[in-house]
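Visitor: Okay, here's the structure, questions in a sec.
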Amino acid sequence: MAYNSSLDISFDVRGGLFMRQVHHWAALLFVASIAVHMLRVFFTGAFRRPREMNWVVGGVLLILAMAAGFTGYSLPDDLLSGNGLRIIDGVIKSIPVIGTYISFFLFGGEFPGTAIIGRLYMLHILLVPALILLMIVLHLFMVVVHKHTQYPGPGRNDNNVVGYPLGPVYAAKAGGFFFIVFGVLALMAGFFTINPIWNYGPYDPSPVSAGTQPDWYIGFVDGALRLMPGTFGDWQVEQNWFGFVFTFNVLLPALVPAGILFTVMFMYPWIERWVTKDDREHHVLDRPRNAPTRTAIGMAGFVWYCVMWAAAGSDLIATHFGVSLNDVTYWLRALFFIGPIIAFIVTKRVALALQRKDREIALHGRETGRIVRLPHGEFIEVHAPLDEYKRYKLVGFESPEVIPAIPNEHGVVTRKEKRRALLSKWFFEDRVAPATPAELEAAHGHGHAAVEAPEEAKSLSH
Amino acid sequence: MKALSQKRRHPLAAIALLLMGLLLTGGLYAVATTVNEAKASTTTYSANDVEEGGKLFDANCATCHGFGASGTQDGPSLVGVGAAAVDFQVGTGRMPMQMNGPQALKKPVQFNDEQTQQLSAYVASLGAGPAVPEEELLDEGGDAAEGGELFRTNCAMCHNAAAAGGALTRGKFAPALADVSGKHIYEAMVTGPQNMPVFSDSNITPEGKRDIITFLKQIETTGSPGGADLGSLGPVAEGLFVWVAGLGVIIAFTIWLTSRTS
């Protein structure tokens with residue numbers, strides 16, 4: 001019935017197919033925009049006090065958006081979405097002992113039953129949107145209370161907000177932006193098909209189509225499932241213990257990576273606050289390079305996510321790049337473990353190198369390419385000093401230092417404090433300090449040659 | 001009847017019964033297995049076709065398949081594969097094979113229609129096998145809805161619900177089915193080339209195969225009612241499109257909107 005109704009909307013109702021496509025493209029764009037926004041917030045440090053709770057609300061919004069998307073994806077009851085529901089059913093059933101009961105409870109009997117579409121419909125049109133609206137209200141309310149963050153710049157500090165007020169200029173721009181987004185979505189829906197349910201046919205538990213994937217935001221869980229091996233050597237991942245079947249080959253990939261990602265994501269503001277002992281309010285953002293370890297952690301998580309995400313399309317990678325499906329899986333399995341490590345190291349090195357470049361430019365100015373011969377025969381290249389605004393950008397940032405373990409009020413260094421100190425060292429031991437006013441003075445006061453020696457002698461962990 | 005009932009205690013009755021039983025099951029089995037075979041060859045090949053085909057075979061195929069198509073280490077025996085197999089493999093350019101690999105790839109056809117027919121005639125003469133299907137099974141006049149259901153149940157797990165193709169293990173793949181002629185689709189079903197299973201006539205009836213061909217040709221000609229189909233590859237293509245094109249354009253607009261005129 002649901003499938004018939006979706007076909008009716010697509011082919012018999014005037015403009016129905018267009019509406020369906022606008023709706024689906026908008027859903028994909030919605031979650032993608034949330035993802036990009038969260039990446040921006042993370043890498044600029046906008047989650048720091050006082051905005052930790054808003055970061056959490058944002059994370060809840062991401063999960064709700066995924067829930068809204070998935071329940072909507074399942075509604076047409078076509079073959080593709082039915083296969084997706086079957087995977088969800090399998091994941092639920094893999095939960096030891098209670099999984100089967102939960103599945104029967106959810107589907108109103110054995111999969112697929114007749115109850116699930118109606119239930120998902122209520123979730124999709126009522127419960128999830130209501131929660132999303134509630135969270136958006138909270139999210140924006142907190143933005144009003146906290147004011148917006150600002151990028152670093154001259155005259156900008158944690159006690160002010162520099163820029164245009166919301167009205168009228170930004171209100172008008174935001175209003176215009178709404179129509180631009182609407183226009184882009186309308187063009188996409190008009191010219192590009194999405195979820196062609198007439199290709200997939202009605203759901204029937206027996207057929208499974210090649211190229212069955214969820215919409216992109218659920219892809220990373222699907223990818224993790226695809227990467228999981230069924231055996232390690234002779235050891236079967238599925239085990240029978242105490243008369244119960246433990247389907248770890250489904251349970252682990254379906255729940256553990258997503259669990260780790262979301263737990264670390266939600267806790268990160270407090271982790272960083274604990275490590276840095278920084279309880280101050282922050283309204284000025286960090287440039288990602290000026291928080292190298294945070295940026296590296298973020299990139300490691302991002303790469304980990306992307307590896308799982310790519311694994312969800314492993315079959316299409318194999319067919320379209322003419323490689324073996326097995327090789328794609330083996331490579332992605334390896335990258336699942338080493339990808340984040342490589343990403344961490346590379347990102348951190350790049351961030352530190354950029355900081356050193358900034359420091360170099362702040363101290364010595366920009367290379368002009370003009371070679372001058374001095375009276376005694378020496379050749380120097382003339383460096384043009386930066387103007388104050390540009391220099392501010394390069395030197396005006398906070399650079400937390402390693403805080404060694406500090407005894408508590410009883411004079412005891414607790415084990416937790418020692419761990420914090422270790423983490424603090426790991427975060428900041430190779431930090432590149434911003435150029436101080438004294439260094440700048442020295443560099444600009446005594447000419448080029450004089451500053452070269454002491455600068456080298458400082459040797460900032462090259 | 002009375003005579004029969006009187007003789008039922010005859011010493012030879014048990015043997016007679018056993019013989020009857022064996023004959024019956026054997027006969028049924030014979031009937032059942034011949035049903036399983038595709039329709040016997042109805043296209044008649046002339047003796048000349050067979051002779052010319054034999055020459056072509058010796059010159060082009062025997063290196064791997066051996067003289068008399070008896071097979072070598074490099075290629076299987078072709079005795080009993082039937083004319084349909086030859087017509088498919090040679091007619092789509094997969095044979096002669098360009099190189100060894102996970103599977104033989106489609107390429108420009110190496111033999112003209114007449115030569116393909118001669119080769120088919122030669123291989124068909126070596127042993128009974130599925131014949132090239134008759135025209136009426138390929139007329140695309142079947143029931144497309146029925147064909148779609150058969151396709152989703154039997155074919156979509158490898159070829160994708162929209163026949164866009166899909167990956168198999170170790171570099172093998174199920175090809176996309178757009179632009180494949182009805183004859184070749186039919187032959188592939190009855191002969192099971194490469195990694196494809198054989199769909200015999202008892203598995204999918206000739207009418208069912210006709211329905212499938214009708215369905216495939218219909219989705220090919222109908223096109224995509226909702227705009228560009230993005231390869232009919234499903235959510236991966238859609239996700240890629242929304243990230244690259246959709247979000248790309250939106251981000252470009254945000255940069256333009258927030259840039260200050262100075």
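Ligands are numbered from 1 in the order shown, chains are lettered A, B, ... in the order of the structure tokens, and residues start at 1 in each chain.
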Quick check: residues of chain B within 6 Å of chain A, only C-alpha atoms, returned as an mmCIF file with all heavy atoms, in the first residue's frame.

Guide:
data_model
loop_
_atom_site.group_PDB
_atom_site.id
_atom_site.type_symbol
_atom_site.label_atom_id
_atom_site.label_comp_id
_atom_site.auth_asym_id
_atom_site.auth_seq_id
_atom_site.Cartn_x
_atom_site.Cartn_y
_atom_site.Cartn_z
ATOM 1 N N ARG B 152 13.926 -9.247 -10.597
ATOM 2 C CA ARG B 152 14.329 -8.902 -9.231
ATOM 3 C C ARG B 152 14.621 -10.147 -8.407
ATOM 4 O O ARG B 152 15.507 -10.152 -7.555
ATOM 5 C CB ARG B 152 13.238 -8.071 -8.556
ATOM 6 C CG ARG B 152 13.218 -6.628 -9.003
ATOM 7 C CD ARG B 152 12.304 -5.791 -8.159
ATOM 8 N NE ARG B 152 10.902 -6.090 -8.390
ATOM 9 C CZ ARG B 152 10.195 -5.614 -9.412
ATOM 10 N NH1 ARG B 152 10.767 -4.826 -10.298
ATOM 11 N NH2 ARG B 152 8.930 -5.919 -9.549
ATOM 12 N N THR B 153 13.860 -11.227 -8.664
ATOM 13 C CA THR B 153 14.066 -12.434 -7.874
ATOM 14 C C THR B 153 15.324 -13.180 -8.310
ATOM 15 O O THR B 153 16.053 -13.715 -7.485
ATOM 16 C CB THR B 153 12.843 -13.364 -8.006
ATOM 17 O OG1 THR B 153 11.675 -12.582 -7.827
ATOM 18 C CG2 THR B 153 12.883 -14.463 -6.969
ATOM 19 N N ALA B 156 18.594 -9.559 -10.078
ATOM 20 C CA ALA B 156 18.974 -8.248 -9.537
ATOM 21 C C ALA B 156 20.084 -8.333 -8.511
ATOM 22 O O ALA B 156 20.806 -7.356 -8.308
ATOM 23 C CB ALA B 156 17.747 -7.558 -8.932
ATOM 24 N N MET B 157 20.247 -9.477 -7.847
ATOM 25 C CA MET B 157 21.290 -9.531 -6.809
ATOM 26 C C MET B 157 22.680 -9.368 -7.405
ATOM 27 O O MET B 157 23.595 -8.982 -6.677
ATOM 28 C CB MET B 157 21.184 -10.809 -5.966
ATOM 29 C CG MET B 157 21.352 -12.097 -6.692
ATOM 30 S SD MET B 157 19.838 -12.584 -7.533
ATOM 31 C CE MET B 157 18.844 -13.090 -6.140
ATOM 32 N N CYS B 158 22.847 -9.673 -8.669
ATOM 33 C CA CYS B 158 24.151 -9.408 -9.299
ATOM 34 C C CYS B 158 24.070 -8.216 -10.262
ATOM 35 O O CYS B 158 24.975 -7.397 -10.313
ATOM 36 C CB CYS B 158 24.642 -10.630 -10.060
ATOM 37 S SG CYS B 158 24.863 -12.078 -9.025
ATOM 38 N N ASN B 160 21.891 -5.735 -10.401
ATOM 39 C CA ASN B 160 21.258 -4.515 -9.864
ATOM 40 C C ASN B 160 19.807 -4.408 -10.366
ATOM 41 O O ASN B 160 19.487 -4.836 -11.460
ATOM 42 C CB ASN B 160 22.122 -3.294 -10.239
ATOM 43 C CG ASN B 160 21.455 -1.960 -10.019
ATOM 44 O OD1 ASN B 160 20.319 -1.748 -10.406
ATOM 45 N ND2 ASN B 160 22.146 -1.061 -9.387
ATOM 46 N N ALA B 161 18.938 -3.899 -9.502
ATOM 47 C CA ALA B 161 17.502 -3.864 -9.812
ATOM 48 C C ALA B 161 17.209 -3.107 -11.097
ATOM 49 O O ALA B 161 16.259 -3.401 -11.805
ATOM 50 C CB ALA B 161 16.738 -3.235 -8.654
ATOM 51 N N ALA B 162 18.062 -2.115 -11.404
ATOM 52 C CA ALA B 162 17.853 -1.355 -12.639
ATOM 53 C C ALA B 162 18.794 -1.850 -13.735
ATOM 54 O O ALA B 162 19.056 -1.146 -14.699
ATOM 55 C CB ALA B 162 18.067 0.126 -12.376
ATOM 56 N N GLY B 166 26.853 -4.953 -11.313
ATOM 57 C CA GLY B 166 27.311 -5.009 -9.926
ATOM 58 C C GLY B 166 28.588 -5.806 -9.820
ATOM 59 O O GLY B 166 29.006 -6.480 -10.766
ATOM 60 N N ALA B 167 29.230 -5.707 -8.639
ATOM 61 C CA ALA B 167 30.520 -6.359 -8.440
ATOM 62 C C ALA B 167 30.315 -7.788 -7.962
ATOM 63 O O ALA B 167 29.379 -8.086 -7.234
ATOM 64 C CB ALA B 167 31.338 -5.582 -7.413
ATOM 65 N N THR B 169 33.046 -11.285 -6.697
ATOM 66 C CA THR B 169 34.326 -11.416 -5.985
ATOM 67 C C THR B 169 35.518 -11.372 -6.932
ATOM 68 O O THR B 169 35.414 -11.722 -8.106
ATOM 69 C CB THR B 169 34.368 -12.747 -5.230
ATOM 70 O OG1 THR B 169 34.071 -13.788 -6.153
ATOM 71 C CG2 THR B 169 33.363 -12.763 -4.115
ATOM 72 N N ARG B 170 36.651 -10.956 -6.406
ATOM 73 C CA ARG B 170 37.954 -11.039 -7.078
ATOM 74 C C ARG B 170 37.958 -10.501 -8.499
ATOM 75 O O ARG B 170 38.418 -11.154 -9.429
ATOM 76 C CB ARG B 170 38.473 -12.473 -7.080
ATOM 77 C CG ARG B 170 38.565 -13.051 -5.690
ATOM 78 C CD ARG B 170 39.794 -13.886 -5.476
ATOM 79 N NE ARG B 170 39.870 -14.300 -4.085
ATOM 80 C CZ ARG B 170 40.480 -13.594 -3.131
ATOM 81 N NH1 ARG B 170 41.075 -12.464 -3.421
ATOM 82 N NH2 ARG B 170 40.497 -14.022 -1.891
ATOM 83 N N GLY B 171 37.414 -9.319 -8.683
ATOM 84 C CA GLY B 171 37.520 -8.651 -9.978
ATOM 85 C C GLY B 171 36.485 -9.083 -10.994
ATOM 86 O O GLY B 171 36.441 -8.553 -12.101
ATOM 87 N N GLY B 226 12.371 10.860 -13.736
ATOM 88 C CA GLY B 226 12.665 11.903 -12.758
ATOM 89 C C GLY B 226 13.864 12.759 -13.099
ATOM 90 O O GLY B 226 14.408 13.426 -12.230
ATOM 91 N N GLY B 227 14.326 12.745 -14.345
ATOM 92 C CA GLY B 227 15.523 13.511 -14.693
ATOM 93 C C GLY B 227 16.715 12.583 -14.842
ATOM 94 O O GLY B 227 16.562 11.366 -14.871
ATOM 95 N N ALA B 228 17.930 13.158 -14.921
ATOM 96 C CA ALA B 228 19.138 12.354 -15.130
ATOM 97 C C ALA B 228 19.216 11.257 -14.073
ATOM 98 O O ALA B 228 18.955 11.499 -12.898
ATOM 99 C CB ALA B 228 20.370 13.248 -15.048
ATOM 100 N N ASP B 229 19.562 10.040 -14.514
ATOM 101 C CA ASP B 229 19.450 8.911 -13.586
ATOM 102 C C ASP B 229 20.714 8.676 -12.762
ATOM 103 O O ASP B 229 20.737 7.777 -11.927
ATOM 104 C CB ASP B 229 19.055 7.639 -14.343
ATOM 105 C CG ASP B 229 20.085 7.242 -15.390
ATOM 106 O OD1 ASP B 229 21.175 7.843 -15.407
ATOM 107 O OD2 ASP B 229 19.797 6.339 -16.186
ATOM 108 N N PRO B 235 21.941 4.962 -3.905
ATOM 109 C CA PRO B 235 22.291 6.016 -2.954
ATOM 110 C C PRO B 235 23.755 6.464 -2.987
ATOM 111 O O PRO B 235 24.046 7.582 -2.557
ATOM 112 C CB PRO B 235 21.981 5.374 -1.597
ATOM 113 C CG PRO B 235 20.962 4.344 -1.898
ATOM 114 C CD PRO B 235 21.308 3.812 -3.245
ATOM 115 N N GLY B 239 24.508 10.251 -3.057
ATOM 116 C CA GLY B 239 25.295 10.887 -1.996
ATOM 117 C C GLY B 239 26.461 11.671 -2.565
ATOM 118 O O GLY B 239 26.741 12.803 -2.159
#

Visitor: List the spatial neighbours of B:Gln115 as a PyMOL selection string - criterion: any atom at most 9 Å away, only C-alpha atoms, same-chain residues fewer than 6 positions off excluded.

Guide: chain B and resi 49+52-53+56

Visitor: Identify all residues of stretch 177-416 of chain A in strand (DSSP E or B) (DSSP on the backbone) and supply them as a PDB file with N, CA, C and O atoms, in the first residue's frame.

Guide:
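In the end it all went to states-v6.pdb:
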ATOM      1  N   PHE A 192      17.596  15.982 -11.704  1.00  0.00           N
ATOM      2  CA  PHE A 192      18.283  14.745 -11.321  1.00  0.00           C
ATOM      3  C   PHE A 192      17.368  13.874 -10.490  1.00  0.00           C
ATOM      4  O   PHE A 192      16.789  14.333  -9.511  1.00  0.00           O
ATOM      5  N   PRO A 202       8.356  -3.292  -5.548  1.00  0.00           N
ATOM      6  CA  PRO A 202       7.854  -3.377  -4.180  1.00  0.00           C
ATOM      7  C   PRO A 202       8.731  -4.288  -3.333  1.00  0.00           C
ATOM      8  O   PRO A 202       9.425  -5.152  -3.863  1.00  0.00           O
ATOM      9  N   THR A 231      35.475 -14.601  10.074  1.00  0.00           N
ATOM     10  CA  THR A 231      36.355 -15.474  10.848  1.00  0.00           C
ATOM     11  C   THR A 231      37.701 -14.797  11.004  1.00  0.00           C
ATOM     12  O   THR A 231      38.098 -13.981  10.172  1.00  0.00           O
ATOM     13  N   PHE A 232      38.385 -15.117  12.090  1.00  0.00           N
ATOM     14  CA  PHE A 232      39.804 -14.758  12.217  1.00  0.00           C
ATOM     15  C   PHE A 232      40.568 -16.069  12.206  1.00  0.00           C
ATOM     16  O   PHE A 232      40.590 -16.775  13.214  1.00  0.00           O
ATOM     17  N   TRP A 235      39.066 -19.061  13.994  1.00  0.00           N
ATOM     18  CA  TRP A 235      38.111 -18.652  15.027  1.00  0.00           C
ATOM     19  C   TRP A 235      36.892 -18.008  14.396  1.00  0.00           C
ATOM     20  O   TRP A 235      37.009 -17.017  13.682  1.00  0.00           O
ATOM     21  N   GLN A 236      35.754 -18.584  14.643  1.00  0.00           N
ATOM     22  CA  GLN A 236      34.513 -18.020  14.132  1.00  0.00           C
ATOM     23  C   GLN A 236      34.120 -16.813  14.984  1.00  0.00           C
ATOM     24  O   GLN A 236      34.145 -16.890  16.203  1.00  0.00           O
ATOM     25  N   GLU A 238      31.174 -15.562  15.045  1.00  0.00           N
ATOM     26  CA  GLU A 238      29.874 -15.877  15.641  1.00  0.00           C
ATOM     27  C   GLU A 238      30.066 -17.030  16.614  1.00  0.00           C
ATOM     28  O   GLU A 238      30.583 -18.084  16.253  1.00  0.00           O
ATOM     29  N   GLN A 239      29.683 -16.824  17.847  1.00  0.00           N
ATOM     30  CA  GLN A 239      29.941 -17.806  18.893  1.00  0.00           C
ATOM     31  C   GLN A 239      28.653 -18.284  19.539  1.00  0.00           C
ATOM     32  O   GLN A 239      27.668 -17.549  19.587  1.00  0.00           O
ATOM     33  N   ASN A 240      28.700 -19.498  20.041  1.00  0.00           N
ATOM     34  CA  ASN A 240      27.558 -20.048  20.754  1.00  0.00           C
ATOM     35  C   ASN A 240      27.980 -20.293  22.198  1.00  0.00           C
ATOM     36  O   ASN A 240      28.728 -21.206  22.486  1.00  0.00           O
ATOM     37  N   TRP A 241      27.543 -19.385  23.072  1.00  0.00           N
ATOM     38  CA  TRP A 241      27.927 -19.473  24.474  1.00  0.00           C
ATOM     39  C   TRP A 241      26.699 -19.687  25.330  1.00  0.00           C
ATOM     40  O   TRP A 241      25.684 -19.001  25.166  1.00  0.00           O
ATOM     41  N   PHE A 244      23.287 -19.520  23.932  1.00  0.00           N
ATOM     42  CA  PHE A 244      22.858 -18.350  23.177  1.00  0.00           C
ATOM     43  C   PHE A 244      23.834 -18.107  22.032  1.00  0.00           C
ATOM     44  O   PHE A 244      25.028 -18.337  22.176  1.00  0.00           O
ATOM     45  N   VAL A 245      23.302 -17.610  20.924  1.00  0.00           N
ATOM     46  CA  VAL A 245      24.180 -17.284  19.798  1.00  0.00           C
ATOM     47  C   VAL A 245      24.610 -15.827  19.930  1.00  0.00           C
ATOM     48  O   VAL A 245      23.782 -14.934  20.083  1.00  0.00           O
ATOM     49  N   PHE A 246      25.919 -15.600  19.880  1.00  0.00           N
ATOM     50  CA  PHE A 246      26.450 -14.235  19.944  1.00  0.00           C
ATOM     51  C   PHE A 246      26.995 -13.888  18.571  1.00  0.00           C
ATOM     52  O   PHE A 246      28.058 -14.360  18.179  1.00  0.00           O
ATOM     53  N   THR A 247      26.257 -13.077  17.844  1.00  0.00           N
ATOM     54  CA  THR A 247      26.626 -12.773  16.463  1.00  0.00           C
ATOM     55  C   THR A 247      27.526 -11.548  16.443  1.00  0.00           C
ATOM     56  O   THR A 247      27.133 -10.474  16.014  1.00  0.00           O
ATOM     57  N   VAL A 284      36.519  33.876  20.741  1.00  0.00           N
ATOM     58  CA  VAL A 284      37.335  34.022  19.546  1.00  0.00           C
ATOM     59  C   VAL A 284      37.765  32.632  19.093  1.00  0.00           C
ATOM     60  O   VAL A 284      38.239  31.830  19.898  1.00  0.00           O
ATOM     61  N   ARG A 366      57.573  39.507   4.657  1.00  0.00           N
ATOM     62  CA  ARG A 366      57.377  38.773   3.419  1.00  0.00           C
ATOM     63  C   ARG A 366      58.616  38.895   2.541  1.00  0.00           C
ATOM     64  O   ARG A 366      59.219  39.970   2.442  1.00  0.00           O
ATOM     65  N   GLU A 367      59.026  37.816   1.898  1.00  0.00           N
ATOM     66  CA  GLU A 367      60.162  37.879   0.980  1.00  0.00           C
ATOM     67  C   GLU A 367      59.748  38.675  -0.247  1.00  0.00           C
ATOM     68  O   GLU A 367      58.719  38.404  -0.845  1.00  0.00           O
ATOM     69  N   THR A 368      60.553  39.684  -0.600  1.00  0.00           N
ATOM     70  CA  THR A 368      60.177  40.516  -1.745  1.00  0.00           C
ATOM     71  C   THR A 368      60.835  40.037  -3.031  1.00  0.00           C
ATOM     72  O   THR A 368      60.440  40.437  -4.115  1.00  0.00           O
ATOM     73  N   GLY A 369      61.874  39.230  -2.888  1.00  0.00           N
ATOM     74  CA  GLY A 369      62.594  38.789  -4.085  1.00  0.00           C
ATOM     75  C   GLY A 369      63.596  39.823  -4.549  1.00  0.00           C
ATOM     76  O   GLY A 369      64.233  39.678  -5.596  1.00  0.00           O
ATOM     77  N   ARG A 370      63.742  40.914  -3.762  1.00  0.00           N
ATOM     78  CA  ARG A 370      64.690  41.967  -4.159  1.00  0.00           C
ATOM     79  C   ARG A 370      66.013  41.709  -3.460  1.00  0.00           C
ATOM     80  O   ARG A 370      66.090  41.656  -2.239  1.00  0.00           O
ATOM     81  N   ILE A 371      67.063  41.512  -4.220  1.00  0.00           N
ATOM     82  CA  ILE A 371      68.387  41.243  -3.650  1.00  0.00           C
ATOM     83  C   ILE A 371      69.176  42.550  -3.625  1.00  0.00           C
ATOM     84  O   ILE A 371      69.240  43.249  -4.638  1.00  0.00           O
ATOM     85  N   VAL A 372      69.715  42.848  -2.463  1.00  0.00           N
ATOM     86  CA  VAL A 372      70.465  44.095  -2.319  1.00  0.00           C
ATOM     87  C   VAL A 372      71.903  43.777  -1.924  1.00  0.00           C
ATOM     88  O   VAL A 372      72.135  42.888  -1.087  1.00  0.00           O
ATOM     89  N   ARG A 373      72.834  44.480  -2.546  1.00  0.00           N
ATOM     90  CA  ARG A 373      74.236  44.281  -2.160  1.00  0.00           C
ATOM     91  C   ARG A 373      74.642  45.397  -1.199  1.00  0.00           C
ATOM     92  O   ARG A 373      74.488  46.581  -1.510  1.00  0.00           O
ATOM     93  N   PHE A 379      75.311  40.142   0.176  1.00  0.00           N
ATOM     94  CA  PHE A 379      74.008  40.211  -0.471  1.00  0.00           C
ATOM     95  C   PHE A 379      72.925  39.852   0.529  1.00  0.00           C
ATOM     96  O   PHE A 379      73.059  38.863   1.264  1.00  0.00           O
ATOM     97  N   ILE A 380      71.877  40.629   0.585  1.00  0.00           N
ATOM     98  CA  ILE A 380      70.714  40.219   1.384  1.00  0.00           C
ATOM     99  C   ILE A 380      69.455  40.351   0.543  1.00  0.00           C
ATOM    100  O   ILE A 380      69.405  41.120  -0.418  1.00  0.00           O
ATOM    101  N   GLU A 381      68.465  39.560   0.937  1.00  0.00           N
ATOM    102  CA  GLU A 381      67.153  39.726   0.304  1.00  0.00           C
ATOM    103  C   GLU A 381      66.320  40.629   1.199  1.00  0.00           C
ATOM    104  O   GLU A 381      66.268  40.428   2.413  1.00  0.00           O
ATOM    105  N   VAL A 382      65.689  41.603   0.603  1.00  0.00           N
ATOM    106  CA  VAL A 382      64.897  42.532   1.394  1.00  0.00           C
ATOM    107  C   VAL A 382      63.574  41.876   1.762  1.00  0.00           C
ATOM    108  O   VAL A 382      62.878  41.318   0.908  1.00  0.00           O
ATOM    109  N   HIS A 383      63.239  41.889   3.036  1.00  0.00           N
ATOM    110  CA  HIS A 383      61.949  41.380   3.497  1.00  0.00           C
ATOM    111  C   HIS A 383      61.051  42.564   3.800  1.00  0.00           C
ATOM    112  O   HIS A 383      61.438  43.452   4.558  1.00  0.00           O
ATOM    113  N   ALA A 384      59.855  42.555   3.230  1.00  0.00           N
ATOM    114  CA  ALA A 384      58.921  43.641   3.509  1.00  0.00           C
ATOM    115  C   ALA A 384      58.167  43.321   4.786  1.00  0.00           C
ATOM    116  O   ALA A 384      57.609  42.228   4.908  1.00  0.00           O
TER     117      ALA A 384
END
